[in-house]
Structure formats: C-alpha cells, structure tokens
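K.L.:
Next up, start-v9.txt (compact mmCIF, C-alpha atoms).
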# COMPACT_ATOMS: atom_id res chain seq x y z
CA MET A 869 80.69 124.13 96.37
CA ARG A 870 82.05 120.60 96.34
CA LEU A 871 85.72 119.69 96.87
CA THR A 872 87.25 116.31 96.07
CA LEU A 873 90.86 115.77 97.17
CA LYS A 874 92.79 112.64 96.22
CA CYS A 875 96.19 111.89 97.75
CA THR A 876 98.60 109.32 96.27
CA GLY A 877 102.11 108.26 97.28
CA GLY A 878 104.05 106.62 100.07
CA PHE A 879 104.47 102.88 100.51
CA THR A 880 101.10 101.95 99.08
CA GLY A 881 100.98 104.27 96.06
CA PRO A 882 97.71 104.04 94.10
CA ALA A 883 96.58 101.07 96.19
CA GLY A 884 96.32 103.26 99.27
CA ALA A 885 95.22 106.47 97.56
CA GLN A 886 92.69 108.25 99.73
CA THR A 887 89.96 110.61 98.67
CA ARG A 888 88.24 113.22 100.78
CA THR A 889 85.00 114.71 99.56
CA VAL A 890 83.36 117.70 101.15
CA ASP A 891 80.30 119.76 100.27
CA LEU A 892 80.77 123.18 101.86
CA ALA A 893 77.00 123.54 102.19
CA GLN A 894 77.04 120.63 104.61
CA LEU A 895 79.74 122.09 106.89
CA PRO A 896 79.36 124.45 109.85
CA PRO A 897 79.36 128.03 108.44
CA GLN A 898 82.71 129.03 109.95
CA GLN A 899 84.54 125.95 108.68
CA ALA A 900 82.96 126.34 105.25
CA SER A 901 83.95 130.00 105.16
CA GLU A 902 87.57 129.23 106.06
CA LEU A 903 87.88 126.62 103.33
CA GLU A 904 86.22 128.85 100.74
CA GLN A 905 88.48 131.78 101.63
CA LEU A 906 91.55 129.62 101.18
CA LEU A 907 90.25 128.43 97.84
CA ARG A 908 89.67 131.99 96.67
CA ALA A 909 93.04 133.15 98.05
CA SER A 910 94.72 130.50 95.93
CA ASP A 911 92.79 131.74 92.86
CA PHE A 912 92.06 128.07 92.31
CA PHE A 913 90.02 128.33 89.13
CA ALA A 914 92.88 130.20 87.46
CA LEU A 915 95.61 127.77 88.52
CA HIS A 916 97.48 125.70 85.96
CA PRO A 917 96.12 122.13 86.00
CA SER A 918 99.57 120.71 86.74
CA LEU A 919 101.78 122.05 89.52
CA VAL A 920 104.09 119.10 89.97
CA LYS A 921 107.79 119.15 90.79
CA GLU A 922 110.26 118.48 88.02
CA ALA A 923 112.28 116.16 90.22
CA PRO A 924 110.03 114.85 92.98
CA LYS A 925 111.36 112.93 95.98
CA SER A 926 109.93 109.70 97.35
CA TRP A 927 108.17 111.64 100.10
CA ASP A 928 106.34 114.00 97.73
CA PHE A 929 102.70 112.98 97.79
CA GLN A 930 100.70 113.80 94.67
CA TYR A 931 97.42 115.61 95.20
CA ASP A 932 94.49 115.96 92.83
CA LEU A 933 91.91 118.53 93.83
CA GLN A 934 88.69 118.97 91.91
CA VAL A 935 86.36 121.82 92.77
CA GLU A 936 82.83 122.12 91.43
CA ASP A 937 81.04 125.40 92.00
CA GLY A 938 77.77 125.95 90.25
CA GLY A 939 78.44 125.49 86.58
CA GLN A 940 82.21 125.58 86.73
CA SER A 941 84.63 122.82 87.55
CA HIS A 942 88.42 122.78 87.73
CA SER A 943 91.04 120.19 88.65
CA VAL A 944 94.65 120.69 89.68
CA ARG A 945 97.33 118.04 90.19
CA TYR A 946 100.12 119.22 92.48
CA HIS A 947 102.87 118.55 94.95
CA LEU A 948 102.61 120.58 98.14
CA ASP A 949 105.95 122.31 97.54
CA GLU A 950 104.66 123.67 94.23
CA ALA A 951 101.25 124.77 95.51
CA PRO A 952 100.49 128.41 96.38
CA PRO A 953 100.51 128.92 100.17
CA ALA A 954 96.71 129.12 100.39
CA LEU A 955 96.28 125.86 98.48
CA LYS A 956 98.87 124.21 100.71
CA THR A 957 97.01 125.36 103.83
CA LEU A 958 93.71 124.25 102.33
CA THR A 959 95.16 120.80 101.63
CA GLU A 960 96.45 120.47 105.18
CA LYS A 961 93.10 121.54 106.61
CA LEU A 962 91.23 119.04 104.47
CA ASN A 963 93.63 116.29 105.57
CA ASP A 964 93.10 117.17 109.21
CA GLU A 965 89.44 118.04 109.26
CA VAL A 966 87.78 115.79 106.71
CA ALA A 967 87.73 112.01 107.10
CA PRO A 968 88.60 109.91 104.03
CA ASP A 969 85.67 108.62 101.99
CA MET B 1292 117.56 120.70 109.98
CA SER B 1293 120.49 119.11 111.74
CA ALA B 1294 119.61 115.78 113.24
CA HIS B 1295 122.64 115.75 115.48
CA PRO B 1296 123.32 119.03 117.14
CA HIS B 1297 126.05 118.38 119.70
CA SER B 1298 126.67 121.91 120.77
CA CYS B 1299 124.40 121.93 123.81
CA THR B 1300 125.02 120.05 127.03
CA CYS B 1301 122.48 119.83 129.79
CA PHE B 1302 123.16 116.54 131.56
CA ILE B 1303 122.19 117.91 134.95
CA ILE B 1304 118.56 118.07 133.93
CA PRO B 1305 116.57 114.96 134.96
CA SER B 1306 115.47 112.75 132.09
CA LYS B 1307 111.80 113.30 132.85
CA MET B 1308 112.29 117.03 132.51
CA LEU B 1309 114.34 116.60 129.35
CA ARG B 1310 111.51 114.57 127.82
CA GLN B 1311 108.98 117.21 128.82
CA LEU B 1312 111.15 119.99 127.42
CA ALA B 1313 111.62 118.08 124.19
CA GLU B 1314 107.89 117.74 123.77
CA GLU B 1315 107.47 121.47 124.26
CA ALA B 1316 110.49 122.55 122.24
CA PRO B 1317 109.75 125.48 119.92
CA ASP B 1318 111.50 123.98 116.92
CA ALA B 1319 112.96 120.78 115.54
CA ARG B 1320 116.57 121.71 116.24
CA ALA B 1321 115.91 122.33 119.91
CA ARG B 1322 113.86 119.15 120.16
CA HIS B 1323 116.60 117.03 118.60
CA CYS B 1324 119.16 118.56 120.90
CA LEU B 1325 117.12 117.73 123.96
CA LEU B 1326 116.37 114.22 122.71
CA ASP B 1327 120.04 113.60 122.09
CA GLN B 1328 120.78 114.64 125.65
CA LEU B 1329 118.01 112.39 126.88
CA GLU B 1330 119.57 109.42 125.14
CA ILE B 1331 123.03 110.23 126.40
CA SER B 1332 121.64 110.58 129.90
CA ALA B 1333 120.10 107.12 129.61
CA GLN B 1334 123.41 105.71 128.45
CA LEU B 1335 125.21 107.40 131.28
CA ARG B 1336 122.90 105.82 133.82
CA GLY B 1337 123.91 102.41 132.51
CA GLN B 1338 127.61 103.15 132.13
CA ARG B 1339 128.53 105.32 135.08
CA SER B 1340 132.09 104.14 135.46
CA VAL B 1341 133.19 105.11 131.95
CA ALA B 1342 130.65 107.83 131.35
CA PRO B 1343 132.89 110.79 130.53
CA VAL B 1344 134.83 108.91 127.86
CA VAL B 1345 131.93 106.99 126.41
CA MET B 1346 129.70 110.03 126.33
CA GLY B 1347 131.94 111.79 123.85
CA LEU B 1348 132.52 108.64 121.84
CA VAL B 1349 128.84 107.89 121.50
CA ALA B 1350 128.06 111.38 120.33
CA ALA B 1351 130.89 111.34 117.83
CA THR B 1352 130.43 107.98 116.16
CA GLY B 1353 126.72 107.34 116.43
CA GLU B 1354 125.17 104.06 117.50
CA LYS B 1355 121.71 102.58 117.14
CA ARG B 1356 119.43 105.34 118.36
CA ARG B 1357 115.67 105.19 117.98
CA THR B 1358 112.86 107.43 119.08
CA VAL B 1359 109.16 106.87 118.54
CA PHE B 1360 106.51 109.58 118.59
CA ASP B 1361 102.72 109.48 118.61
CA ALA B 1362 100.95 111.89 116.23
CA GLN B 1363 97.71 111.21 118.10
CA ASN B 1364 95.86 111.03 114.78
CA LYS B 1365 96.97 114.50 113.69
CA SER B 1366 99.27 115.62 110.88
CA THR B 1367 101.82 117.49 112.96
CA LEU B 1368 105.21 115.81 113.07
CA PRO B 1369 106.90 114.37 114.94
CA GLY B 1370 104.19 114.36 117.66
CA LYS B 1371 104.50 113.33 121.30
CA LEU B 1372 107.61 111.44 122.35
CA VAL B 1373 106.60 108.00 123.60
CA ARG B 1374 109.73 105.85 123.48
CA GLY B 1375 113.48 106.38 123.24
CA GLU B 1376 116.50 104.12 122.97
CA GLU B 1377 116.81 101.79 125.93
CA SER B 1378 113.52 102.90 127.46
CA LYS B 1379 110.91 100.35 128.45
CA PRO B 1380 108.45 98.97 125.90
CA SER B 1381 105.24 100.90 125.52
CA SER B 1382 101.76 99.53 126.15
CA ASP B 1383 101.05 100.61 122.56
CA LYS B 1384 101.81 97.76 120.14
CA ALA B 1385 102.40 100.09 117.18
CA VAL B 1386 105.05 102.00 119.14
CA ASN B 1387 106.99 98.83 119.92
CA GLN B 1388 106.66 97.50 116.38
CA ALA B 1389 108.01 100.75 114.93
CA TYR B 1390 110.87 100.68 117.45
CA ASP B 1391 111.75 97.04 116.87
CA GLY B 1392 111.43 97.28 113.10
CA ALA B 1393 113.73 100.30 112.97
CA GLY B 1394 116.17 98.37 115.15
CA ALA B 1395 116.14 95.28 112.93
CA THR B 1396 116.66 97.42 109.84
CA TYR B 1397 119.52 99.30 111.49
CA ASP B 1398 121.12 95.99 112.53
CA PHE B 1399 120.85 94.60 109.00
CA PHE B 1400 122.52 97.57 107.37
CA ARG B 1401 125.17 97.72 110.07
CA GLU B 1402 126.01 94.03 110.28
CA VAL B 1403 125.54 92.93 106.68
CA LEU B 1404 126.35 96.02 104.64
CA LYS B 1405 128.56 97.83 107.19
CA ARG B 1406 126.42 100.97 106.92
CA ASN B 1407 125.83 103.01 110.05
CA SER B 1408 122.17 103.98 109.77
CA VAL B 1409 120.34 105.74 106.96
CA ASP B 1410 123.01 108.35 106.27
CA GLY B 1411 126.00 106.13 107.01
CA LYS B 1412 126.85 108.39 109.93
CA GLY B 1413 124.55 107.09 112.65
CA LEU B 1414 121.49 109.20 111.96
CA ARG B 1415 118.95 108.71 114.74
CA LEU B 1416 115.93 106.77 113.51
CA ASP B 1417 112.80 108.72 114.37
CA SER B 1418 109.38 107.18 113.81
CA THR B 1419 105.88 108.57 114.26
CA VAL B 1420 102.88 106.26 114.66
CA HIS B 1421 99.13 106.97 114.55
CA TYR B 1422 99.50 109.60 111.82
CA GLN B 1423 96.20 111.20 110.77
CA VAL B 1424 92.91 109.30 110.90
CA LYS B 1425 92.54 106.05 108.96
CA PHE B 1426 95.72 106.89 107.05
CA ASN B 1427 96.34 104.12 104.51
CA ASN B 1428 100.05 104.58 104.21
CA ALA B 1429 103.57 104.73 105.57
CA PHE B 1430 106.33 106.99 104.34
CA TRP B 1431 109.82 108.36 104.90
CA ASN B 1432 109.55 112.14 104.82
CA GLY B 1433 113.21 112.86 104.21
CA GLN B 1434 113.96 112.97 107.92
CA GLN B 1435 111.86 110.37 109.69
CA MET B 1436 109.42 107.46 109.37
CA VAL B 1437 105.66 108.00 109.50
CA TYR B 1438 103.01 105.29 109.91
CA GLY B 1439 99.26 105.41 109.57
CA ASP B 1440 96.85 103.02 111.26
CA GLY B 1441 95.01 102.03 108.08
CA ASP B 1442 91.29 102.39 107.59
CA GLY B 1443 90.55 98.90 108.92
CA GLN B 1444 88.77 97.99 105.72
CA LEU B 1445 91.54 97.96 103.11
CA PHE B 1446 94.64 98.28 105.28
CA LEU B 1447 95.09 97.11 108.86
CA GLY B 1448 98.12 99.17 109.82
CA PHE B 1449 101.72 99.37 108.74
CA THR B 1450 104.01 98.76 111.70
CA GLY B 1451 103.31 95.02 111.87
CA ALA B 1452 105.31 94.22 108.73
CA ILE B 1453 109.10 94.45 109.00
CA ASP B 1454 109.44 94.74 105.22
CA VAL B 1455 107.27 97.87 105.23
CA ILE B 1456 109.50 99.48 107.85
CA ALA B 1457 112.68 98.46 106.06
CA HIS B 1458 111.21 99.58 102.72
CA GLU B 1459 110.63 103.09 104.00
CA LEU B 1460 113.95 103.40 105.81
CA THR B 1461 115.63 102.29 102.59
CA HIS B 1462 114.16 105.35 100.88
CA GLY B 1463 116.35 107.22 103.33
CA VAL B 1464 119.36 105.10 102.41
CA THR B 1465 118.74 105.77 98.71
CA GLN B 1466 118.48 109.48 99.48
CA TYR B 1467 122.03 109.41 100.86
CA ALA B 1468 123.68 106.55 98.95
CA VAL B 1469 122.76 107.54 95.40
CA PRO B 1470 124.61 110.75 94.56
CA GLY B 1471 121.84 113.36 94.30
CA GLY B 1472 119.18 110.76 95.16
CA LEU B 1473 116.82 109.11 92.67
CA VAL B 1474 114.11 111.27 91.09
CA TYR B 1475 110.72 109.82 92.08
CA ALA B 1476 109.20 109.64 88.61
CA ASP B 1477 109.47 107.45 85.53
CA GLN B 1478 112.14 104.72 85.58
CA SER B 1479 114.31 106.34 88.25
CA GLY B 1480 111.22 106.52 90.47
CA ALA B 1481 110.37 102.88 89.82
CA LEU B 1482 113.99 102.03 90.64
CA ASN B 1483 113.67 104.03 93.86
CA GLU B 1484 110.61 101.98 94.78
CA SER B 1485 112.24 98.73 93.76
CA ILE B 1486 115.38 99.34 95.82
CA SER B 1487 113.13 99.83 98.84
CA ASP B 1488 111.23 96.63 98.07
CA VAL B 1489 114.50 94.75 97.60
CA PHE B 1490 115.93 95.72 100.98
CA GLY B 1491 112.52 95.51 102.63
CA SER B 1492 112.31 91.88 101.56
CA VAL B 1493 115.93 91.09 102.37
CA VAL B 1494 115.67 92.59 105.86
CA LYS B 1495 112.61 90.39 106.42
CA GLN B 1496 114.48 87.33 105.14
CA TRP B 1497 117.51 88.17 107.28
CA THR B 1498 115.34 88.61 110.35
CA LEU B 1499 113.62 85.27 109.73
CA LYS B 1500 116.87 83.59 108.62
CA GLN B 1501 115.21 82.41 105.41
CA SER B 1502 117.09 81.28 102.32
CA VAL B 1503 116.05 82.50 98.88
CA GLU B 1504 114.06 79.29 98.48
CA GLN B 1505 112.28 79.67 101.82
CA ALA B 1506 111.38 83.36 101.43
CA ASP B 1507 107.87 84.33 100.33
CA TRP B 1508 109.18 87.35 98.36
CA LEU B 1509 105.98 89.22 99.19
CA ILE B 1510 105.88 92.91 100.03
CA GLY B 1511 103.37 94.01 102.64
CA ALA B 1512 102.16 90.57 103.69
CA GLY B 1513 99.76 91.02 106.60
CA ILE B 1514 98.95 94.70 106.16
CA LEU B 1515 95.87 94.13 104.01
CA ALA B 1516 92.53 93.04 105.38
CA PRO B 1517 92.18 89.30 104.62
CA SER B 1518 89.12 89.98 102.50
CA VAL B 1519 91.23 92.30 100.31
CA GLY B 1520 94.32 90.17 99.75
CA LYS B 1521 97.49 88.58 101.06
CA ALA B 1522 100.09 91.21 100.18
CA LEU B 1523 100.63 94.31 98.09
CA ARG B 1524 103.31 93.05 95.71
CA SER B 1525 105.22 89.89 94.80
CA MET B 1526 108.85 90.01 93.71
CA ALA B 1527 108.77 86.37 92.62
CA ASP B 1528 105.79 86.88 90.34
CA PRO B 1529 104.80 90.55 89.93
CA GLY B 1530 101.19 90.98 88.89
CA ASN B 1531 100.06 87.58 90.15
CA LYS B 1532 96.82 88.56 91.82
CA GLU B 1533 96.46 85.14 93.42
CA LEU B 1534 99.59 85.85 95.46
CA THR B 1535 98.75 89.47 96.21
CA TRP B 1536 95.47 91.31 95.68
CA SER B 1537 92.97 92.10 92.95
CA GLY B 1538 94.50 95.48 92.10
CA ASP B 1539 98.04 94.23 91.49
CA ASP B 1540 99.03 95.77 88.16
CA GLN B 1541 102.78 95.18 88.24
CA PRO B 1542 104.53 94.03 85.07
CA LYS B 1543 107.12 91.29 85.42
CA THR B 1544 109.18 92.15 82.35
CA MET B 1545 109.70 95.05 79.94
CA ALA B 1546 107.06 93.51 77.68
CA GLY B 1547 104.51 94.78 80.19
CA TYR B 1548 106.17 98.13 80.92
CA VAL B 1549 103.57 100.85 81.41
CA GLU B 1550 104.67 104.08 79.71
CA GLY B 1551 103.98 106.92 82.15
CA GLY B 1552 102.89 104.36 84.73
CA ASP B 1553 103.08 104.81 88.46
CA VAL B 1554 106.42 104.13 90.14
CA HIS B 1555 104.74 101.41 92.22
CA THR B 1556 103.65 99.69 89.02
CA ASN B 1557 106.82 99.52 86.93
CA SER B 1558 108.93 98.66 89.99
CA GLY B 1559 107.79 95.09 89.38
CA ILE B 1560 110.41 94.79 86.62
CA PRO B 1561 113.57 95.58 88.65
CA ASN B 1562 112.01 93.74 91.59
CA HIS B 1563 111.85 90.58 89.54
CA ALA B 1564 115.41 91.10 88.28
CA PHE B 1565 116.62 91.08 91.88
CA TYR B 1566 114.59 87.98 92.63
CA ALA B 1567 116.03 86.22 89.57
CA ALA B 1568 119.56 87.18 90.58
CA ALA B 1569 119.06 86.03 94.17
CA ILE B 1570 117.61 82.68 93.07
CA ALA B 1571 120.50 82.16 90.66
CA LEU B 1572 123.06 83.04 93.32
CA LYS B 1573 121.38 80.63 95.76
CA GLY B 1574 121.78 80.57 99.55
CA ASN B 1575 120.72 83.72 101.37
CA ALA B 1576 119.78 86.91 99.55
CA TRP B 1577 121.91 88.92 101.93
CA ASP B 1578 125.09 86.98 101.14
CA LYS B 1579 125.64 88.10 97.55
CA ALA B 1580 122.61 89.60 95.81
CA ALA B 1581 121.92 92.33 98.39
CA PRO B 1582 125.57 93.49 98.63
CA ILE B 1583 125.73 93.68 94.83
CA TRP B 1584 122.55 95.80 94.68
CA TYR B 1585 123.75 97.95 97.57
CA LYS B 1586 127.13 98.65 96.02
CA ALA B 1587 125.39 99.62 92.78
CA LEU B 1588 123.61 102.53 94.48
CA GLY B 1589 126.76 104.64 94.47
CA LEU B 1590 127.11 104.12 90.71
CA LEU B 1591 123.70 105.58 89.87
CA THR B 1592 122.66 109.10 88.90
CA PRO B 1593 119.36 110.87 89.79
CA ASN B 1594 117.63 109.98 86.51
CA ALA B 1595 118.95 106.44 86.25
CA THR B 1596 117.03 104.03 84.04
CA PHE B 1597 116.53 100.29 84.42
CA ALA B 1598 119.39 99.79 81.96
CA ASP B 1599 121.60 102.00 84.13
CA MET B 1600 120.75 99.82 87.14
CA ALA B 1601 121.51 96.70 85.15
CA LYS B 1602 124.87 98.18 84.22
CA ALA B 1603 125.56 99.32 87.79
CA THR B 1604 124.75 95.94 89.35
CA THR B 1605 126.80 94.15 86.71
CA GLU B 1606 129.71 96.46 87.51
CA SER B 1607 129.31 96.06 91.25
CA ALA B 1608 129.20 92.27 90.86
CA ALA B 1609 132.54 92.52 89.05
CA LEU B 1610 133.93 94.79 91.75
CA LEU B 1611 132.86 92.37 94.49
CA TYR B 1612 133.47 89.02 92.83
CA GLY B 1613 135.60 89.72 89.78
CA ALA B 1614 135.00 90.38 86.11
CA ASP B 1615 133.57 87.40 84.30
CA SER B 1616 132.74 85.78 87.64
CA ALA B 1617 129.74 83.48 88.04
CA GLU B 1618 128.14 86.20 90.14
CA GLN B 1619 128.50 88.78 87.38
CA HIS B 1620 127.04 86.36 84.85
CA ALA B 1621 124.10 85.65 87.18
CA VAL B 1622 123.31 89.35 87.53
CA ARG B 1623 123.51 89.97 83.80
CA ALA B 1624 121.27 86.98 83.15
CA ALA B 1625 118.74 88.19 85.73
CA TRP B 1626 118.29 91.47 83.92
CA LYS B 1627 117.95 89.60 80.65
CA VAL B 1628 115.07 87.64 82.21
CA VAL B 1629 113.11 90.88 82.62
CA GLY B 1630 114.10 92.21 79.21
CA VAL B 1631 116.68 94.79 80.29
CA THR B 1632 120.13 94.85 78.74
CA ALA B 1633 123.07 96.42 80.53
Please re-express this file's structure in structure tokens.

P.N.:
Amino acid sequence: MRLTLKCTGGFTGPAGAQTRTVDLAQLPPQQASELEQLLRASDFFALHPSLVKEAPKSWDFQYDLQVEDGGQSHSVRYHLDEAPPALKTLTEKLNDEVAPD
Amino acid sequence: MSAHPHSCTCFIIPSKMLRQLAEEAPDARARHCLLDQLEISAQLRGQRSVAPVVMGLVAATGEKRRTVFDAQNKSTLPGKLVRGEESKPSSDKAVNQAYDGAGATYDFFREVLKRNSVDGKGLRLDSTVHYQVKFNNAFWNGQQMVYGDGDGQLFLGFTGAIDVIAHELTHGVTQYAVPGGLVYADQSGALNESISDVFGSVVKQWTLKQSVEQADWLIGAGILAPSVGKALRSMADPGNKELTWSGDDQPKTMAGYVEGGDVHTNSGIPNHAFYAAAIALKGNAWDKAAPIWYKALGLLTPNATFADMAKATTESAALLYGADSAEQHAVRAAWKVVGVTA
C-alpha cells in the first residue's frame, strides 16, 4: 500500500507545497500496521473525494491524500477540521513520522 | 482559548519556576496564565518602585508582549518556551529573528496605525520556530505564529525576512479587523493574501525607512535558495519571473485572472493595485496608502470581492482625505490600472 500526502497553504502556498510518500511495505511492521489501521478506521476508500470547509480560514492547510492498494486507488482533498478523526490522526502521524520527498 | 487570563496571581513564584511550570502546563489556558505572570514578574523586577500600580495597568491595557517557543522539529504547538519579553537574546538566530520581527510589526501597527497588537487589545504575540522537519512554510494558526526551517534546497527558512513575519501577523489583524474575517477562498481569499502582502511590504519599508521609490516591493526576498530565485512575489510587477522565481504565476491585472486559481496566485491583482496607489500617492507607503487600506478592512464582509475592496478603499480614502480628494482619485485610478472598478 502506497500513500502520497500533499500539503498546501501558509505563506508559500503552492510554491512551498510538500509531498510525503510512503510505501507501507518499506516501513517497520508496527508503524505500517498503525498507519494501515488508521486508514481502515477512516474508511478511506469510501470517503467523498472532497472534504473541504465551506469557509476556510487562512490557517487551514489543504491536504490531498492518494492511496494505492493493489488494483484500487482513491484520492481525497480535505481540510483537517472536515476529516474523520482517524484520517486527521493519520495525517498528523505522516507529518511527524515521514520526511518530505 | 483565552490569551489573557488575568484571574490567577502567583508573583511569589520565582521566574525560573514559572517558566518551568509553563512548559509543563497541562493545557493552553494554564500555560498562558503562567506566561503572563512570568512577564509581569520581569516587569516588576525592572520597576520595583511603582510595581503595584503598574502591574495592574500593564495587565489591563496590554503592551508589546512577545514569547518565542521552539517546536524542536515536531508538530506540537507551542513547544518549549525559549524567550519572553525583556529576556536576553537567545543563541538561536531564528528565535531572535522571530522575536525582533514580531516586535517591529507590533511597533508599526501601534505607531503608524494606532492598533494595539493583532486584536487591537494587546494580544501577546506568540511565535514558534523550528516547526516540523524541513517545513517549507510559515503560518498564523489563528492564535500564534509558526515558522519552519525550510528544506535548504528550495527555502532557506522564514524568520530572516521581516515581510514574511509581518505578512503572517497581518493574517491575525485581518481575522479581527474584518467583521467575520475574510473567507480563504476565491477572491476574498486572494484579498486576504494580498492584505498580508501589503502590510508585510509596508512594515519592511517602514523598518528600512524606504520611500515608495526606494522599496523593492518584493515579498519573501531572501527566503529562497539563490539557485531557485530572488523572492516569492513582486507587487510592482506580479508574474515577472526575472524579479522573483521560475514558478511565479501571479497575474498583474484582471485580464490574467485565474478562475478557481489559488489565493496566492490571484493576490497579484490587488497587490498591484496597492503598489499603483502608493506610487501615485508618492512619499512613504505608510503615510497615506497603508492607512487607506487599513481603514478599508472594517468596511469589508467575509466574502468580499476585488470590487468590494476597490469600493472600500475608495470610501476610506474619502473618509481620511475627503470626497473628491486627490487621494481618493489616486486610489480609484489604481484599481482601474488592474482592471477593477469600484
């Protein structure tokens, strides 16, 4: 399973957008398991592709997460406040534990 | 979260202990309370003879109050307290730059626009440096400033540019000064970005004592690696890649407006309107153009368009300098330059 997370916003906007790419098969088993559980808890493949706020604030970063798992692929664009709790936690873990590309 | 809880008093506790307690506080409210006491304690040490009177006055009115935290490359905010108001400079350059930049921005709004901090009520200016790893950004999170270190390849860090600091703190000003704030999408979002660029540039000009002719009108000069470019945006000539960097996609007028474009893209249009107004008004941007733009903030609504901003600045020019004044004509003409009619 491959996750690609892009984060856009702040002072730099698209110029400073950062992408984190992680292949769960390449991670230590426990870390991979935690990320996969969060993904499943969020029911990611069933999420609406757009979970953005109607009236975002300047501090709302926009995230784009693409997940490829075997033959299926799904992408969701979201603000953290609109994301299910598991997706929010997953995003925070990716930000903390995976270095930008 | 209240940024100024004044209900607790614990002056008997030594400052070192207060700092330690603040770092270990279980929640933001408790931390702010302890930090407030820490600042008051520092003021008391310097003003012993009038301490009881001044103490209450300081707490009530609010003065320039800055704290800087170190996220230690994590995401948790605010991080470890590393510098407070009136404390000695840190050995960490980013800490001192964040502190000094917040101070210069506070001084500008206070002295030029008569605004006491971000909220107009003396809100303490909290900043966190070293956020995440290789974080290519800086942002105001609704309560405080946050700075990344940059990845060293594209961006070199964000605390070294005063206009970046003032830009982000101005997002806070917009949050409070525009009734309901400005929605960060479409034209209102581009206006939100532009207002931050405007005051980011003017604070830089004010700090350097540069006239409108002397100013470089660049946003983010010095934060990009030299091999990448010279700055992120140009207010004088949006989209001019020679002045900025190869990815500069800002339109200069409505002819280049990008439907559904990013707020950092279309902000080039109101940015250039401000530049055109400032050049027409001559002298220093903070003398007339900036006060006109600032006064317009209170006339906006959350979904304001470029035309609404043109109307608001034209109205504020009339309020400040009179209807049919040269200043009002200059503002109206500036918006016409970028293809926006009030």

K.L.:
Output as JSON lines one row per residue of chain A within 9 Å of chain B: the closest atom pair and its distance in Å to one decimal place, counting all atoms listed in the file, sorted by chain and residue number ascending.

P.N.:
{"residue": "A:Gly877", "atom": "CA", "partner": "B:Asn1428", "partner_atom": "CA", "distance": 8.1}
{"residue": "A:Gly878", "atom": "CA", "partner": "B:Phe1430", "partner_atom": "CA", "distance": 4.9}
{"residue": "A:Phe879", "atom": "CA", "partner": "B:Ala1429", "partner_atom": "CA", "distance": 5.5}
{"residue": "A:Thr880", "atom": "CA", "partner": "B:Asn1428", "partner_atom": "CA", "distance": 5.9}
{"residue": "A:Gly881", "atom": "CA", "partner": "B:His1555", "partner_atom": "CA", "distance": 6.1}
{"residue": "A:Pro882", "atom": "CA", "partner": "B:His1555", "partner_atom": "CA", "distance": 7.7}
{"residue": "A:Ala883", "atom": "CA", "partner": "B:Gly1538", "partner_atom": "CA", "distance": 7.2}
{"residue": "A:Gly884", "atom": "CA", "partner": "B:Asn1427", "partner_atom": "CA", "distance": 5.3}
{"residue": "A:Ala885", "atom": "CA", "partner": "B:Asn1427", "partner_atom": "CA", "distance": 7.4}
{"residue": "A:Gln886", "atom": "CA", "partner": "B:Asn1427", "partner_atom": "CA", "distance": 7.3}
{"residue": "A:Glu922", "atom": "CA", "partner": "B:Val1474", "partner_atom": "CA", "distance": 8.7}
{"residue": "A:Ala923", "atom": "CA", "partner": "B:Val1474", "partner_atom": "CA", "distance": 5.3}
{"residue": "A:Pro924", "atom": "CA", "partner": "B:Tyr1475", "partner_atom": "CA", "distance": 5.2}
{"residue": "A:Lys925", "atom": "CA", "partner": "B:Tyr1475", "partner_atom": "CA", "distance": 5.0}
{"residue": "A:Ser926", "atom": "CA", "partner": "B:Tyr1475", "partner_atom": "CA", "distance": 5.3}
{"residue": "A:Trp927", "atom": "CA", "partner": "B:Asn1432", "partner_atom": "CA", "distance": 4.9}
{"residue": "A:Asp928", "atom": "CA", "partner": "B:Asn1432", "partner_atom": "CA", "distance": 8.0}
{"residue": "A:Glu960", "atom": "CA", "partner": "B:Ser1366", "partner_atom": "CA", "distance": 8.0}
{"residue": "A:Asn963", "atom": "CA", "partner": "B:Gln1423", "partner_atom": "CA", "distance": 7.7}
{"residue": "A:Asp964", "atom": "CA", "partner": "B:Lys1365", "partner_atom": "CA", "distance": 6.5}
{"residue": "A:Ala967", "atom": "CA", "partner": "B:Val1424", "partner_atom": "CA", "distance": 7.0}
{"residue": "A:Pro968", "atom": "CA", "partner": "B:Lys1425", "partner_atom": "CA", "distance": 7.4}

K.L.:
Let me see the file: selected residues, C-alpha atoms, as a short mmCIF file (atom, residue, chain, number, x, y, z; two decimals), in the frame of the given file.

P.N.:
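File part.cif, as written:
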data_model
loop_
_atom_site.label_atom_id
_atom_site.label_comp_id
_atom_site.auth_asym_id
_atom_site.auth_seq_id
_atom_site.Cartn_x
_atom_site.Cartn_y
_atom_site.Cartn_z
CA GLY A 877 102.11 108.26 97.28
CA GLY A 878 104.05 106.62 100.07
CA PHE A 879 104.47 102.88 100.51
CA THR A 880 101.10 101.95 99.08
CA GLY A 881 100.98 104.27 96.06
CA PRO A 882 97.71 104.04 94.10
CA ALA A 883 96.58 101.07 96.19
CA GLY A 884 96.32 103.26 99.27
CA ALA A 885 95.22 106.47 97.56
CA GLN A 886 92.69 108.25 99.73
CA GLU A 922 110.26 118.48 88.02
CA ALA A 923 112.28 116.16 90.22
CA PRO A 924 110.03 114.85 92.98
CA LYS A 925 111.36 112.93 95.98
CA SER A 926 109.93 109.70 97.35
CA TRP A 927 108.17 111.64 100.10
CA ASP A 928 106.34 114.00 97.73
CA GLU A 960 96.45 120.47 105.18
CA ASN A 963 93.63 116.29 105.57
CA ASP A 964 93.10 117.17 109.21
CA ALA A 967 87.73 112.01 107.10
CA PRO A 968 88.60 109.91 104.03
#

K.L.:
If you measure from CA of Glu1376 in chain B to CA of Arg1357 in chain B, what distance in Å do you get, rounded to one decimal?

P.N.:
5.2 Å

K.L.:
For the atom pair CA of Thr1592 in chain B and CA of Arg1415 in chain B, what is the interatomic distance in Å to one decimal place?

P.N.:
26.1 Å

K.L.:
CA of Trp1626 in chain B and CA of Val1403 in chain B are how many Å apart?

P.N.:
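Calculated distance between CA of Trp1626 in chain B and CA of Val1403 in chain B is 23.9 Å.
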
K.L.:
Name the residues in contact with Leu1611 in chain B at a cut-off of 12 Å, using all atoms listed in the file, excluding same-chain residues fewer than 2 positions from it; report them as an MDAnalysis selection string.

P.N.:
chainID B and resid 1578:1587 1604:1609 1613:1619

K.L.:
Quick one: residues within 10 Å of range 902-915 of chain A, all atoms listed in the file counted, chain neighbours fewer than 2 positions away excluded, as a VMD selection string?

P.N.:
chain A and resid 869 871 892 895 897 to 900 917 to 919 933 to 937 940 to 944 951 to 959 961 to 962
